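Peer 1: Contents are PDB, C-alpha atoms; file name protein-v2.pdb:
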ATOM      1  CA  MET E   9     -14.110  66.724  11.441
ATOM      2  CA  ASN E  10     -16.630  67.061  14.281
ATOM      3  CA  VAL E  11     -18.065  63.577  14.831
ATOM      4  CA  GLN E  12     -20.147  62.742  17.887
ATOM      5  CA  PRO E  13     -19.860  59.339  19.624
ATOM      6  CA  ASP E  14     -23.208  58.164  18.256
ATOM      7  CA  GLN E  15     -21.982  58.878  14.734
ATOM      8  CA  ARG E  16     -19.311  56.213  14.462
ATOM      9  CA  HIS E  17     -21.109  54.881  11.397
ATOM     10  CA  LEU E  18     -21.412  57.585   8.763
ATOM     11  CA  ARG E  19     -24.497  56.727   6.741
ATOM     12  CA  LEU E  20     -23.813  57.424   3.096
ATOM     13  CA  SER E  21     -25.902  56.158   0.185
ATOM     14  CA  GLY E  22     -22.830  55.675  -2.013
ATOM     15  CA  ALA E  23     -20.584  53.765   0.407
ATOM     16  CA  LEU E  24     -21.174  51.172   3.104
ATOM     17  CA  ASN E  25     -19.338  50.570   6.351
ATOM     18  CA  VAL E  26     -17.873  54.064   6.684
ATOM     19  CA  ARG E  27     -16.811  54.370  10.311
ATOM     20  CA  ASP E  28     -14.804  56.635  12.567
ATOM     21  CA  LEU E  29     -12.149  55.060  14.814
ATOM     22  CA  GLY E  30     -12.637  57.718  17.465
ATOM     23  CA  GLY E  31     -14.068  57.232  20.942
ATOM     24  CA  TYR E  32     -12.336  53.987  21.927
ATOM     25  CA  ALA E  33     -10.900  53.853  25.453
ATOM     26  CA  THR E  34      -7.119  53.526  25.678
ATOM     27  CA  ALA E  35      -4.898  51.952  28.319
ATOM     28  CA  ASP E  36      -3.731  55.323  29.668
ATOM     29  CA  GLY E  37      -7.283  56.412  30.482
ATOM     30  CA  GLY E  38      -7.790  58.483  27.355
ATOM     31  CA  THR E  39      -9.690  57.791  24.158
ATOM     32  CA  THR E  40      -8.977  57.735  20.459
ATOM     33  CA  GLN E  41      -9.855  61.045  18.852
ATOM     34  CA  TRP E  42     -12.871  61.585  16.629
ATOM     35  CA  GLY E  43     -12.398  62.757  13.083
ATOM     36  CA  ARG E  44      -8.812  61.537  12.637
ATOM     37  CA  ILE E  45      -9.109  58.067  11.075
ATOM     38  CA  LEU E  46     -11.950  56.569   9.033
ATOM     39  CA  ARG E  47     -12.374  53.048   7.643
ATOM     40  CA  ALA E  48     -14.746  52.081   4.846
ATOM     41  CA  ALA E  49     -15.836  49.757   2.086
ATOM     42  CA  SER E  50     -15.409  50.772  -1.558
ATOM     43  CA  LEU E  51     -16.115  54.406  -2.363
ATOM     44  CA  HIS E  52     -16.778  54.028  -6.079
ATOM     45  CA  ARG E  53     -20.507  54.797  -5.833
ATOM     46  CA  LEU E  54     -20.143  58.076  -3.944
ATOM     47  CA  ASP E  55     -21.689  60.973  -5.782
ATOM     48  CA  ALA E  56     -20.281  64.491  -5.936
ATOM     49  CA  ALA E  57     -22.441  65.689  -3.051
ATOM     50  CA  GLU E  58     -21.259  62.956  -0.676
ATOM     51  CA  MET E  59     -17.643  63.455  -1.718
ATOM     52  CA  SER E  60     -18.014  67.147  -0.959
ATOM     53  CA  LEU E  61     -19.636  66.322   2.374
ATOM     54  CA  LEU E  62     -16.645  64.182   3.386
ATOM     55  CA  ALA E  63     -14.238  66.899   2.304
ATOM     56  CA  GLU E  64     -16.193  69.518   4.235
ATOM     57  CA  ARG E  65     -15.966  67.311   7.327
ATOM     58  CA  GLY E  66     -12.195  67.238   7.080
ATOM     59  CA  LEU E  67     -11.269  64.340   4.818
ATOM     60  CA  ALA E  68      -7.826  65.056   3.380
ATOM     61  CA  THR E  69      -6.242  61.659   2.623
ATOM     62  CA  VAL E  70      -7.657  58.506   1.011
ATOM     63  CA  ILE E  71      -5.735  55.205   0.943
ATOM     64  CA  ASP E  72      -7.147  52.519  -1.357
ATOM     65  CA  LEU E  73      -6.085  48.993  -0.320
ATOM     66  CA  ARG E  74      -7.661  47.121  -3.222
ATOM     67  CA  ARG E  75      -5.939  45.148  -5.958
ATOM     68  CA  ALA E  76      -5.318  46.807  -9.318
ATOM     69  CA  VAL E  77      -8.095  44.772 -10.964
ATOM     70  CA  GLU E  78     -10.594  45.917  -8.319
ATOM     71  CA  LEU E  79      -9.520  49.484  -8.901
ATOM     72  CA  SER E  80      -9.945  49.152 -12.677
ATOM     73  CA  GLU E  81     -13.430  47.671 -12.286
ATOM     74  CA  ALA E  82     -14.552  50.260  -9.734
ATOM     75  CA  PRO E  83     -12.337  53.376  -9.964
ATOM     76  CA  ASN E  84     -11.793  55.459  -6.866
ATOM     77  CA  PRO E  85     -13.615  58.792  -7.213
ATOM     78  CA  PHE E  86     -11.022  60.586  -5.068
ATOM     79  CA  ALA E  87      -8.075  59.601  -7.272
ATOM     80  CA  ARG E  88      -8.108  62.864  -9.212
ATOM     81  CA  VAL E  89      -9.675  65.291  -6.763
ATOM     82  CA  GLU E  90      -7.643  68.453  -6.411
ATOM     83  CA  GLY E  91      -6.437  68.976  -2.852
ATOM     84  CA  MET E  92      -7.048  65.359  -1.814
ATOM     85  CA  ALA E  93      -4.019  63.181  -1.055
ATOM     86  CA  TYR E  94      -4.816  59.868  -2.726
ATOM     87  CA  HIS E  95      -2.701  56.699  -2.479
ATOM     88  CA  HIS E  96      -3.112  53.176  -3.801
ATOM     89  CA  VAL E  97      -1.404  50.302  -1.955
ATOM     90  CA  SER E  98      -2.524  46.792  -2.937
ATOM     91  CA  LEU E  99      -2.314  45.306   0.531
ATOM     92  CA  PHE E 100      -2.997  41.668  -0.368
ATOM     93  CA  ASP E 101      -1.969  41.903  -4.034
ATOM     94  CA  ARG E 102      -1.242  38.369  -5.309
ATOM     95  CA  LEU E 103      -2.488  36.524  -2.225
ATOM     96  CA  ALA E 104      -5.079  34.015  -3.444
ATOM     97  CA  PRO E 105      -7.493  33.255  -0.612
ATOM     98  CA  LEU E 106      -9.560  30.773  -2.616
ATOM     99  CA  GLU E 107      -6.490  28.547  -2.829
ATOM    100  CA  LEU E 108      -7.026  28.025   0.901
ATOM    101  CA  VAL E 109     -10.517  26.577   0.452
ATOM    102  CA  GLY E 110     -10.793  23.451   2.580
ATOM    103  CA  SER E 111      -9.016  25.043   5.512
ATOM    104  CA  PRO E 112     -11.199  25.075   8.640
ATOM    105  CA  ASN E 113      -9.968  28.639   9.259
ATOM    106  CA  LEU E 114      -9.781  30.080   5.757
ATOM    107  CA  LEU E 115      -9.986  33.753   6.719
ATOM    108  CA  LEU E 116      -7.631  33.387   9.651
ATOM    109  CA  ASP E 117      -5.111  31.600   7.432
ATOM    110  CA  LEU E 118      -5.398  34.475   4.971
ATOM    111  CA  TYR E 119      -4.729  36.993   7.747
ATOM    112  CA  ARG E 120      -1.735  35.018   8.989
ATOM    113  CA  ILE E 121      -0.236  34.808   5.513
ATOM    114  CA  ALA E 122      -0.862  38.497   4.894
ATOM    115  CA  LEU E 123       0.891  39.513   8.103
ATOM    116  CA  SER E 124       3.825  37.271   7.252
ATOM    117  CA  GLU E 125       4.196  37.960   3.526
ATOM    118  CA  ARG E 126       2.895  41.493   3.004
ATOM    119  CA  GLY E 127       4.910  43.325   5.631
ATOM    120  CA  ALA E 128       6.280  45.904   3.199
ATOM    121  CA  GLU E 129       2.766  46.854   2.138
ATOM    122  CA  PHE E 130       1.540  47.081   5.734
ATOM    123  CA  ALA E 131       4.513  49.336   6.469
ATOM    124  CA  SER E 132       3.728  51.497   3.429
ATOM    125  CA  VAL E 133       0.126  52.045   4.530
ATOM    126  CA  LEU E 134       1.110  52.850   8.105
ATOM    127  CA  ASN E 135       3.795  55.277   6.965
ATOM    128  CA  LEU E 136       1.264  57.045   4.754
ATOM    129  CA  ILE E 137      -1.118  57.424   7.692
ATOM    130  CA  ALA E 138       1.631  58.650  10.014
ATOM    131  CA  GLU E 139       2.880  61.228   7.499
ATOM    132  CA  ALA E 140      -0.522  62.313   6.193
ATOM    133  CA  PRO E 141      -1.251  66.048   6.112
ATOM    134  CA  GLU E 142      -3.606  67.651   8.587
ATOM    135  CA  GLY E 143      -7.148  66.338   8.276
ATOM    136  CA  ALA E 144      -8.899  63.005   8.389
ATOM    137  CA  VAL E 145      -7.396  59.883   6.809
ATOM    138  CA  LEU E 146      -9.717  57.284   5.263
ATOM    139  CA  PHE E 147      -8.509  53.827   4.240
ATOM    140  CA  HIS E 148     -10.686  51.240   2.547
ATOM    141  CA  CYS E 149     -10.867  48.060   0.490
ATOM    142  CA  THR E 150     -13.898  46.472  -1.186
ATOM    143  CA  ALA E 151     -15.998  45.433   1.817
ATOM    144  CA  GLY E 152     -13.947  47.241   4.463
ATOM    145  CA  LYS E 153     -13.519  43.978   6.339
ATOM    146  CA  ASP E 154     -10.230  42.100   5.830
ATOM    147  CA  ARG E 155      -7.535  44.438   4.518
ATOM    148  CA  THR E 156      -9.219  47.381   6.178
ATOM    149  CA  GLY E 157      -9.874  45.339   9.330
ATOM    150  CA  LEU E 158      -6.224  44.364   9.773
ATOM    151  CA  ILE E 159      -5.001  47.943   9.342
ATOM    152  CA  ALA E 160      -7.651  49.167  11.790
ATOM    153  CA  ALA E 161      -6.692  46.516  14.355
ATOM    154  CA  ILE E 162      -3.009  47.432  14.144
ATOM    155  CA  LEU E 163      -3.803  51.131  14.549
ATOM    156  CA  LEU E 164      -6.021  50.495  17.563
ATOM    157  CA  LEU E 165      -3.350  48.290  19.151
ATOM    158  CA  VAL E 166      -0.800  51.064  18.667
ATOM    159  CA  ALA E 167      -3.229  53.488  20.330
ATOM    160  CA  GLY E 168      -3.566  51.215  23.381
ATOM    161  CA  VAL E 169      -7.127  50.058  22.718
ATOM    162  CA  ASP E 170      -7.921  46.716  24.353
ATOM    163  CA  ARG E 171      -8.722  43.488  22.559
ATOM    164  CA  ASP E 172     -12.464  43.465  23.314
ATOM    165  CA  GLN E 173     -12.976  46.841  21.645
ATOM    166  CA  ILE E 174     -10.861  45.826  18.646
ATOM    167  CA  LEU E 175     -12.895  42.651  18.181
ATOM    168  CA  ALA E 176     -16.127  44.622  18.487
ATOM    169  CA  ASP E 177     -14.918  47.103  15.873
ATOM    170  CA  TYR E 178     -14.107  44.219  13.517
ATOM    171  CA  ALA E 179     -17.464  42.481  14.054
ATOM    172  CA  MET E 180     -19.373  45.709  13.440
ATOM    173  CA  THR E 181     -18.666  45.239   9.728
ATOM    174  CA  GLY E 182     -20.942  42.187   9.451
ATOM    175  CA  PRO E 183     -24.370  43.845   9.493
ATOM    176  CA  LEU E 184     -23.109  46.973   7.744
ATOM    177  CA  ILE E 185     -22.028  45.124   4.599
ATOM    178  CA  ALA E 186     -25.063  42.813   4.468
ATOM    179  CA  PRO E 187     -26.613  44.839   1.599
ATOM    180  CA  MET E 188     -23.594  44.164  -0.643
ATOM    181  CA  LEU E 189     -23.118  40.432  -0.031
ATOM    182  CA  ASP E 190     -25.393  39.166  -2.813
ATOM    183  CA  GLU E 191     -23.689  41.470  -5.295
ATOM    184  CA  LEU E 192     -20.242  40.230  -4.232
ATOM    185  CA  VAL E 193     -21.325  36.596  -4.572
ATOM    186  CA  GLU E 194     -22.795  37.182  -8.033
ATOM    187  CA  HIS E 195     -19.625  38.969  -9.092
ATOM    188  CA  ALA E 196     -17.594  35.963  -7.968
ATOM    189  CA  ARG E 197     -19.947  33.605  -9.801
ATOM    190  CA  ALA E 198     -19.616  35.638 -13.006
ATOM    191  CA  LYS E 199     -15.848  35.284 -12.764
ATOM    192  CA  GLY E 200     -16.139  31.516 -12.436
ATOM    193  CA  LEU E 201     -14.886  31.431  -8.849
ATOM    194  CA  ASP E 202     -15.784  28.790  -6.275
ATOM    195  CA  VAL E 203     -18.880  30.461  -4.835
ATOM    196  CA  ASP E 204     -19.078  28.230  -1.759
ATOM    197  CA  GLY E 205     -15.463  28.976  -0.958
ATOM    198  CA  PHE E 206     -16.004  32.656  -1.646
ATOM    199  CA  ARG E 207     -18.886  32.767   0.834
ATOM    200  CA  GLN E 208     -16.448  31.681   3.556
ATOM    201  CA  LEU E 209     -14.516  34.885   2.906
ATOM    202  CA  LEU E 210     -17.558  37.042   3.648
ATOM    203  CA  THR E 211     -17.888  36.133   7.327
ATOM    204  CA  CYS E 212     -16.892  38.541  10.076
ATOM    205  CA  GLU E 213     -16.603  36.567  13.308
ATOM    206  CA  PRO E 214     -14.719  38.097  16.258
ATOM    207  CA  ALA E 215     -12.819  34.806  16.663
ATOM    208  CA  THR E 216     -11.131  35.410  13.309
ATOM    209  CA  MET E 217      -9.643  38.729  14.349
ATOM    210  CA  ALA E 218      -8.840  37.257  17.774
ATOM    211  CA  GLY E 219      -6.753  34.632  15.982
ATOM    212  CA  ALA E 220      -4.943  37.355  14.034
ATOM    213  CA  LEU E 221      -4.136  39.207  17.266
ATOM    214  CA  ASP E 222      -2.880  35.934  18.752
ATOM    215  CA  GLU E 223      -0.683  35.546  15.663
ATOM    216  CA  LEU E 224       0.785  39.000  16.195
ATOM    217  CA  ASP E 225       1.693  38.027  19.754
ATOM    218  CA  ALA E 226       2.849  34.448  19.262
ATOM    219  CA  ALA E 227       4.628  34.659  15.915
ATOM    220  CA  HIS E 228       5.740  38.279  15.864
ATOM    221  CA  GLY E 229       6.181  39.293  19.514
ATOM    222  CA  GLY E 230       3.333  41.799  19.674
ATOM    223  CA  VAL E 231       2.320  44.738  17.521
ATOM    224  CA  GLU E 232       5.340  46.970  18.141
ATOM    225  CA  ALA E 233       7.811  44.127  17.537
ATOM    226  CA  TYR E 234       5.916  43.268  14.366
ATOM    227  CA  LEU E 235       6.046  46.849  13.157
ATOM    228  CA  ALA E 236       9.766  47.038  13.849
ATOM    229  CA  SER E 237      10.305  43.788  11.930
ATOM    230  CA  ILE E 238       8.604  45.190   8.805
ATOM    231  CA  GLY E 239      10.567  48.418   8.900
ATOM    232  CA  VAL E 240       8.205  50.819  10.656
ATOM    233  CA  ARG E 241      10.388  53.145  12.700
ATOM    234  CA  GLU E 242       9.691  53.927  16.343
ATOM    235  CA  LYS E 243       9.176  57.574  15.421
ATOM    236  CA  THR E 244       6.502  56.511  12.942
ATOM    237  CA  VAL E 245       4.750  54.452  15.616
ATOM    238  CA  GLU E 246       4.780  57.530  17.854
ATOM    239  CA  LYS E 247       3.236  59.603  15.051
ATOM    240  CA  LEU E 248       0.527  56.995  14.538
ATOM    241  CA  ARG E 249      -0.253  56.982  18.247
ATOM    242  CA  ALA E 250      -0.399  60.769  18.320
ATOM    243  CA  ARG E 251      -2.657  60.908  15.268
ATOM    244  CA  LEU E 252      -5.044  58.529  16.976
ATOM    245  CA  THR E 253      -4.921  59.897  20.532
ATOM    246  CA  ALA E 254      -3.310  63.323  20.913
ATOM    247  CA  PRO E 255      -5.805  66.108  21.726
ATOM    248  CA  THR E 256      -4.161  68.246  19.041
ATOM    249  CA  LEU E 257      -1.840  67.384  16.204
ATOM    250  CA  ARG E 258       1.308  69.316  15.483
ATOM    251  CA  GLU E 259       3.624  69.226  12.506
ATOM    252  CA  ASP E 260       7.151  67.995  13.217
TER     253      ASP E 260
END
Have the structure of the file written as structure tokens, please.
Peer 2:
Amino acid sequence: MNVQPDQRHLRLSGALNVRDLGGYATADGGTTQWGRILRAASLHRLDAAEMSLLAERGLATVIDLRRAVELSEAPNPFARVEGMAYHHVSLFDRLAPLELVGSPNLLLDLYRIALSERGAEFASVLNLIAEAPEGAVLFHCTAGKDRTGLIAAILLLVAGVDRDQILADYAMTGPLIAPMLDELVEHARAKGLDVDGFRQLLTCEPATMAGALDELDAAHGGVEAYLASIGVREKTVEKLRARLTAPTLRED
């Protein structure tokens, strides 16, 4: 997948917030590789032409992080595409963020709880990425902000990307999902949800992800200690790092 640095955001009419995690500087003086890992919002509105375009540019694996109900309401178009490795892992599953309404840090509390209680699911997603076949891996949720943002942050930490770049990558979602916010709010209203509380979940402030990174350090001993605690093997971490940073990938 040949993506130039000015093409981090892939502009598609059927999906918002599709971005490449390549081109970020790493602690060893290198950079993350282009065309290896993509993050996105929901893909359910992609048409056949845009799906083919992604496949032609190297997409080989899609990991859907949404809940089962989200998947039933907006099916993933890659779920039955021949030659595409498709996986569904409900990263937050039964976590109920609106139960946290009233918290001064609702999103951060959600991230903290997710890291603490959904370790097996985080491990499953990271193992899928590490063991994915040759080609680009794309993971996504509904807005590509929270579930997707946490996975992206962990991957960039593993690659040796510094905090400022990780926070910038997280904050980039804000303007990119602006066109879908009204639709998300109306969907919540139609379901009888607390709309004011729901709006709190749509923010994308760097301080929120900064708090999640602090949580990884303070409560879990850093990203590698956290990954070990949830059952991600050291060899898997090495494969993730290689997928993100190695000039060429080789099969073990």
Peer 1: I need every residue sitting at most 12 Å from the point (-9.5, 53.1, 9.8) (coordinates as in the file, only C-alpha atoms considered), written as an mmCIF file with C-alpha atoms, in the coordinates of the input.
Peer 2:
data_model
loop_
_atom_site.group_PDB
_atom_site.id
_atom_site.type_symbol
_atom_site.label_atom_id
_atom_site.label_comp_id
_atom_site.auth_asym_id
_atom_site.auth_seq_id
_atom_site.Cartn_x
_atom_site.Cartn_y
_atom_site.Cartn_z
ATOM 1 C CA ARG E 16 -19.311 56.213 14.462
ATOM 2 C CA HIS E 17 -21.109 54.881 11.397
ATOM 3 C CA ASN E 25 -19.338 50.570 6.351
ATOM 4 C CA VAL E 26 -17.873 54.064 6.684
ATOM 5 C CA ARG E 27 -16.811 54.370 10.311
ATOM 6 C CA ASP E 28 -14.804 56.635 12.567
ATOM 7 C CA LEU E 29 -12.149 55.060 14.814
ATOM 8 C CA GLY E 30 -12.637 57.718 17.465
ATOM 9 C CA THR E 40 -8.977 57.735 20.459
ATOM 10 C CA TRP E 42 -12.871 61.585 16.629
ATOM 11 C CA GLY E 43 -12.398 62.757 13.083
ATOM 12 C CA ARG E 44 -8.812 61.537 12.637
ATOM 13 C CA ILE E 45 -9.109 58.067 11.075
ATOM 14 C CA LEU E 46 -11.950 56.569 9.033
ATOM 15 C CA ARG E 47 -12.374 53.048 7.643
ATOM 16 C CA ALA E 48 -14.746 52.081 4.846
ATOM 17 C CA ALA E 49 -15.836 49.757 2.086
ATOM 18 C CA THR E 69 -6.242 61.659 2.623
ATOM 19 C CA VAL E 70 -7.657 58.506 1.011
ATOM 20 C CA ILE E 71 -5.735 55.205 0.943
ATOM 21 C CA ASP E 72 -7.147 52.519 -1.357
ATOM 22 C CA LEU E 73 -6.085 48.993 -0.320
ATOM 23 C CA VAL E 133 0.126 52.045 4.530
ATOM 24 C CA LEU E 134 1.110 52.850 8.105
ATOM 25 C CA ILE E 137 -1.118 57.424 7.692
ATOM 26 C CA ALA E 144 -8.899 63.005 8.389
ATOM 27 C CA VAL E 145 -7.396 59.883 6.809
ATOM 28 C CA LEU E 146 -9.717 57.284 5.263
ATOM 29 C CA PHE E 147 -8.509 53.827 4.240
ATOM 30 C CA HIS E 148 -10.686 51.240 2.547
ATOM 31 C CA CYS E 149 -10.867 48.060 0.490
ATOM 32 C CA GLY E 152 -13.947 47.241 4.463
ATOM 33 C CA LYS E 153 -13.519 43.978 6.339
ATOM 34 C CA ASP E 154 -10.230 42.100 5.830
ATOM 35 C CA ARG E 155 -7.535 44.438 4.518
ATOM 36 C CA THR E 156 -9.219 47.381 6.178
ATOM 37 C CA GLY E 157 -9.874 45.339 9.330
ATOM 38 C CA LEU E 158 -6.224 44.364 9.773
ATOM 39 C CA ILE E 159 -5.001 47.943 9.342
ATOM 40 C CA ALA E 160 -7.651 49.167 11.790
ATOM 41 C CA ALA E 161 -6.692 46.516 14.355
ATOM 42 C CA ILE E 162 -3.009 47.432 14.144
ATOM 43 C CA LEU E 163 -3.803 51.131 14.549
ATOM 44 C CA LEU E 164 -6.021 50.495 17.563
ATOM 45 C CA ILE E 174 -10.861 45.826 18.646
ATOM 46 C CA ASP E 177 -14.918 47.103 15.873
ATOM 47 C CA TYR E 178 -14.107 44.219 13.517
ATOM 48 C CA LEU E 248 0.527 56.995 14.538
ATOM 49 C CA ARG E 251 -2.657 60.908 15.268
ATOM 50 C CA LEU E 252 -5.044 58.529 16.976
#
Peer 1: Evaluate the PyMOL selection byres ((chain E and resi 81) around 12) against this structure - the residues, as a PDB file with C-alpha atoms, keeping the file's coordinate frame, please.
Peer 2:
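This went into result_30.pdb:
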ATOM      1  CA  SER E  50     -15.409  50.772  -1.558  1.00  0.00           C
ATOM      2  CA  HIS E  52     -16.778  54.028  -6.079  1.00  0.00           C
ATOM      3  CA  ARG E  53     -20.507  54.797  -5.833  1.00  0.00           C
ATOM      4  CA  ARG E  74      -7.661  47.121  -3.222  1.00  0.00           C
ATOM      5  CA  ARG E  75      -5.939  45.148  -5.958  1.00  0.00           C
ATOM      6  CA  ALA E  76      -5.318  46.807  -9.318  1.00  0.00           C
ATOM      7  CA  VAL E  77      -8.095  44.772 -10.964  1.00  0.00           C
ATOM      8  CA  GLU E  78     -10.594  45.917  -8.319  1.00  0.00           C
ATOM      9  CA  LEU E  79      -9.520  49.484  -8.901  1.00  0.00           C
ATOM     10  CA  SER E  80      -9.945  49.152 -12.677  1.00  0.00           C
ATOM     11  CA  ALA E  82     -14.552  50.260  -9.734  1.00  0.00           C
ATOM     12  CA  PRO E  83     -12.337  53.376  -9.964  1.00  0.00           C
ATOM     13  CA  ASN E  84     -11.793  55.459  -6.866  1.00  0.00           C
ATOM     14  CA  THR E 150     -13.898  46.472  -1.186  1.00  0.00           C
ATOM     15  CA  HIS E 195     -19.625  38.969  -9.092  1.00  0.00           C
TER      16      HIS E 195
END
Peer 1: Find the residue from E:Glu213, E:Leu115, E:Glu125, E:Pro85 that sits nearest to Leu103 in chain E; use all atoms listed in the file when measuring.
Peer 2: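 Closest candidate: E:Glu125.
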Peer 1: Suppose you want the space between CA of Ala33 in chain E and CA of Asp222 in chain E; what is it in Å?
Peer 2: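 That distance, rounded to one decimal, is 20.7 Å.
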Peer 1: Need the shell around Ser21 in chain E: protein/DNA/RNA residues with any atom at most 9 Å away, counting all atoms listed in the file. Skip same-chain ones fewer than 6 positions apart. Format as an NGL selection string?
Peer 2: :E and (53-55 or 58)
Peer 1: Select, from E:Ala140, E:Leu192, E:Leu165, E:Leu24, the residue with the minimum atom-to-atom distance to Leu67 in chain E, counting all atoms listed in the file.
Peer 2: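 Closest residue, counting all atoms listed in the file: E:Ala140.
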Peer 1: With only C-alpha atoms as the counted atoms, please give the residues lying no more than 8 Å from Ala128 in chain E, apart from itself and same-chain residues fewer than 4 positions off, as a PyMOL selection string.
Peer 2: chain E and resi 132+238-239
Peer 1: Would you mind reading off the distance between CA of Gln41 in chain E and CA of Glu246 in chain E, one decimal, in Å?
Peer 2: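 Value for the CA of Gln41 in chain E-CA of Glu246 in chain E distance: 15.1 Å.
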Peer 1: Around all the atoms of range 42-54 of chain E listed in the file, draw an axis-aligned box and extend it by 8 Å on each of the six sides; I want its centre and edge lengths in Å to one decimal, as JSON.
Peer 2:
{"center_x": -14.7, "center_y": 56.3, "center_z": 5.3, "size_x": 27.7, "size_y": 29.0, "size_z": 38.7}
Peer 1: Around the point (-28.7, 47.4, 7.7) in the file's coordinates, collect all residues with an atom within 12 Å, using all atoms listed in the file, and return them as number ranges by chain.
Peer 2: E: 17, 19, 21, 24-25, 180-189
Peer 1: Between CA of Leu118 in chain E and CA of His95 in chain E, what is the distance in Å, rounded to a tenth?
Peer 2: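 Separating CA of Leu118 in chain E from CA of His95 in chain E is a distance of 23.6 Å.
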Peer 1: May I ask which of the residues E:Ala87, E:Pro255, E:Leu20, E:Tyr32 is the closest one to Leu62 in chain E, counting all atoms listed in the file?
Peer 2: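 That would be E:Leu20, the residue with the smallest distance to Leu62 in chain E.
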Peer 1: Pick out the closest residue to Ala138 in chain E from this set: E:Thr256, E:Thr244, E:Gln15, E:Thr216. Count all atoms listed in the file.
Peer 2: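 Among E:Thr256, E:Thr244, E:Gln15, E:Thr216, it is E:Thr244 that comes nearest to Ala138 in chain E.
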Peer 1: Evaluate the PyMOL selection byres ((chain E and resi 113) around 12) and record the selected residues as a ChimeraX atom specification, following the chain and residue labels used in the document.
Peer 2: /E:105,108-112,114-120,205,208-209,211,213,215-217,219-220
Peer 1: Can you fill out range 191-196 of chain E with all heavy atoms and hand it back as a compact mmCIF listing (two decimals), in the coordinates of the input?
Peer 2:
# COMPACT_ATOMS: atom_id res chain seq x y z
N GLU E 191 -24.40 40.93 -4.14
CA GLU E 191 -23.69 41.47 -5.30
C GLU E 191 -22.27 40.89 -5.38
O GLU E 191 -21.80 40.53 -6.46
CB GLU E 191 -23.62 42.99 -5.20
CG GLU E 191 -22.86 43.63 -6.35
CD GLU E 191 -22.75 45.15 -6.22
OE1 GLU E 191 -23.35 45.71 -5.27
OE2 GLU E 191 -22.05 45.75 -7.05
N LEU E 192 -21.59 40.79 -4.24
CA LEU E 192 -20.24 40.23 -4.23
C LEU E 192 -20.25 38.77 -4.67
O LEU E 192 -19.37 38.33 -5.43
CB LEU E 192 -19.62 40.36 -2.84
CG LEU E 192 -19.31 41.78 -2.37
CD1 LEU E 192 -18.83 41.76 -0.92
CD2 LEU E 192 -18.27 42.44 -3.26
N VAL E 193 -21.23 38.01 -4.19
CA VAL E 193 -21.32 36.60 -4.57
C VAL E 193 -21.59 36.46 -6.06
O VAL E 193 -20.97 35.62 -6.75
CB VAL E 193 -22.42 35.89 -3.75
CG1 VAL E 193 -22.71 34.50 -4.31
CG2 VAL E 193 -22.00 35.78 -2.28
N GLU E 194 -22.49 37.26 -6.61
CA GLU E 194 -22.80 37.18 -8.03
C GLU E 194 -21.60 37.60 -8.88
O GLU E 194 -21.36 37.05 -9.96
CB GLU E 194 -24.02 38.03 -8.37
CG GLU E 194 -25.32 37.44 -7.85
CD GLU E 194 -25.48 35.97 -8.24
OE1 GLU E 194 -25.33 35.66 -9.45
OE2 GLU E 194 -25.74 35.14 -7.35
N HIS E 195 -20.84 38.55 -8.39
CA HIS E 195 -19.62 38.97 -9.09
C HIS E 195 -18.63 37.83 -9.13
O HIS E 195 -17.99 37.57 -10.16
CB HIS E 195 -19.03 40.19 -8.39
CG HIS E 195 -17.87 40.81 -9.11
ND1 HIS E 195 -18.00 41.41 -10.33
CD2 HIS E 195 -16.56 40.90 -8.78
CE1 HIS E 195 -16.82 41.86 -10.73
NE2 HIS E 195 -15.93 41.56 -9.81
N ALA E 196 -18.50 37.12 -8.02
CA ALA E 196 -17.59 35.96 -7.97
C ALA E 196 -18.07 34.86 -8.90
O ALA E 196 -17.27 34.23 -9.62
CB ALA E 196 -17.50 35.44 -6.53
